[in-house]
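J.: First, the structure itself, so that you have it in front of you.
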Amino acid sequence: MAAPAGQCFVCDSTSVKACSGCGWLFVCSRAHQAIIWPTHKYFCRTSRLSPPSLPPFTLPPLKPEEAAIYTLYPDGYVLHGPDPEPPFEMLPWYKSFAKAGWMTLRDLDDARWTLEDLQKPAESARTPEPMRTFSLISLKGQHYEQRMDGRIGGVEGSDAWDVCSRAFSVVLNKLRPHFRSKGTDLPHDLLTRLAPFFHQDLIVKTIGMHYRGDDRQTLLRLAALRMQDWVDGDCEEDEEVKRCLAALASLNLRTAEACSCAVC
């Protein structure tokens with residue numbers, strides 16, 4: 001995690017205890033554990049490693065209402081956006097995923113199977129990591145963006161996972177062409193290498209979406225600063241990747257500075 005060793009993952013207290021479930025989350029109190037529990041409970045159930053350590057970043061399954069938006073019709077019509085790689089053409093999601101190497105596409109049945117598989121828990125899904133999470137980030141992120149634009153309803157009922165997915169889809173869309181220019185796809189260990197940053201962004205979004213305490217802005221600002229500090233001090237990626245991550249950290253910090261009681 002991007003929090004300094006020995007500090008609470010929510011505040012800067014050094015009087016901390018490990019989460020009894022996963023062993024790698026450290027908090028100063030039950031109250032602060034409760035703040036990030038809406039999203040930490042997913043990792044607490046699925047990442048009980050021995051010895052306890054920060055797990056690669058993953059996402060919960062695709063929601064039925066999200067999958068429904070991507071339902072394939074006989075003519076192949078789907079929600080789609082510009083592919084992030086040159087020539088930046090408009091591609092259905094499944095063709096973009098096949099181009100990225102995240103799925104094998106022989107016919108539309110493969111795309112339908114992928115949608116069904118991504119609705120299963122990670123432990124029973126057949127789509128391997130990191131392709132499963134890369135795909136979920138892109139699908140969930142595009143779904144939330146379409147809702148923000150008002151094209152498929154509003155953002156009421158959204159959660160921190162939705163907002164995170166949109167932010168991470170922007171990151172992946174920048175990194176895909178960057179790594180392709182170096183002759184590779186997105187690295188298979190990318191979600192491990194960037195886990196401290198991605199987990200920290202999830203904390204930012206969880207506080208922003210689910211917490212309404214008087215110290216909300218203070219905690220948001222600290223969480224965003226920890227993202228920037230990790231990029232500046234601990235990130236071992238190349239400069240282009242660092243710039244991409246720093247842009248998200250900076251956006252979170254600006255949002256925290258402007259945030260009062262509105263959803264961030």
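Naming works like this for the structure tokens: A, B, ... for the chains as they're shown, residue 1 at the start of each chain, ligands 1 onward in shown order.
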Might you pull out every residue within 9 Å of stretch 48-56 of chain A, with only C-alpha atoms counted and same-chain residues fewer than 3 positions away left off, and present them as a ChimeraX atom specification?
T.: /A:1,21-25,43-45,189-196,199
J.: Report as a list in words all protein, DNA and RNA residues lying within 9 Å of A:Cys8, evaluated on only C-alpha atoms, omitting residues in the same chain fewer than 2 positions from it.
T.: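 Close residues of A:Cys8: Ala3, Pro4, Ala5, Gly6, Val10, Cys11, Asp12, Ser13, Thr14, Ser15, Val16, Lys17, Leu25, Phe26, Val27, Cys28, Ser29 and His32 of chain A.
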J.: Enumerate the residues of stretch 21-262 of chain A with a DSSP assignment of strand (DSSP E), computed from the backbone, and present them as a list in words.
T.: Phe26, Val27, His80, Gly81, Pro82, Met90, Leu91 and Pro92 of chain A
J.: Which polymer residues have any atom within 9 Å of an atom of A:Asp232, counting only C-alpha atoms, with same-chain residues fewer than 3 positions away left out, as a ChimeraX atom specification?
T.: /A:227-229,235,242,246
J.: Just the residues within 12 Å of A:Val155, please, counting only C-alpha atoms, with nothing from its chain fewer than 6 positions along; format it as a CSV table (one decimal) with N, CA and C atoms, in the first residue's frame.
T.:
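This went into result-v4.csv:
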chain,number,residue,atom,x,y,z
A,143,HIS,N,-18.8,1.7,-18.9
A,143,HIS,CA,-20.2,1.7,-18.5
A,143,HIS,C,-20.4,2.9,-17.6
A,144,TYR,N,-19.5,3.2,-16.6
A,144,TYR,CA,-19.7,4.3,-15.7
A,144,TYR,C,-19.6,5.6,-16.5
A,145,GLU,N,-18.7,5.7,-17.5
A,145,GLU,CA,-18.5,6.9,-18.3
A,145,GLU,C,-19.8,7.2,-19.1
A,146,GLN,N,-20.4,6.2,-19.7
A,146,GLN,CA,-21.6,6.3,-20.4
A,146,GLN,C,-22.7,6.8,-19.5
A,147,ARG,N,-22.8,6.3,-18.2
A,147,ARG,CA,-23.8,6.8,-17.3
A,147,ARG,C,-23.5,8.3,-16.9
A,148,MET,N,-22.3,8.7,-16.8
A,148,MET,CA,-21.9,10.1,-16.5
A,148,MET,C,-22.4,11.0,-17.6
A,149,ASP,N,-22.3,10.5,-18.8
A,149,ASP,CA,-22.7,11.3,-20.0
A,149,ASP,C,-24.2,11.3,-20.1
A,162,ASP,N,-17.0,1.5,-9.2
A,162,ASP,CA,-17.4,2.1,-10.5
A,162,ASP,C,-16.4,3.3,-10.8
A,163,VAL,N,-16.2,4.2,-9.8
A,163,VAL,CA,-15.4,5.4,-10.1
A,163,VAL,C,-13.9,5.0,-10.3
A,209,MET,N,-16.8,8.3,-1.8
A,209,MET,CA,-18.1,7.8,-2.1
A,209,MET,C,-18.9,7.4,-0.9
A,263,VAL,N,-20.1,14.4,-3.3
A,263,VAL,CA,-19.5,13.1,-3.7
A,263,VAL,C,-18.2,13.5,-4.5
J.: Apply DSSP to the backbone of this structure and, from stretch 122-261 of chain A, keep only the residues in helix (DSSP H, G or I); write these as a PyMOL selection string.
T.: chain A and resi 131-148+160-181+190-193+195-210+216-233+239-258
J.: Just give me the gap between atom CA of A:Thr46 and atom CA of A:Ala247 in Å, one decimal is fine.
T.: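 Pair atom CA of A:Thr46 / atom CA of A:Ala247 returns 29.7 Å.
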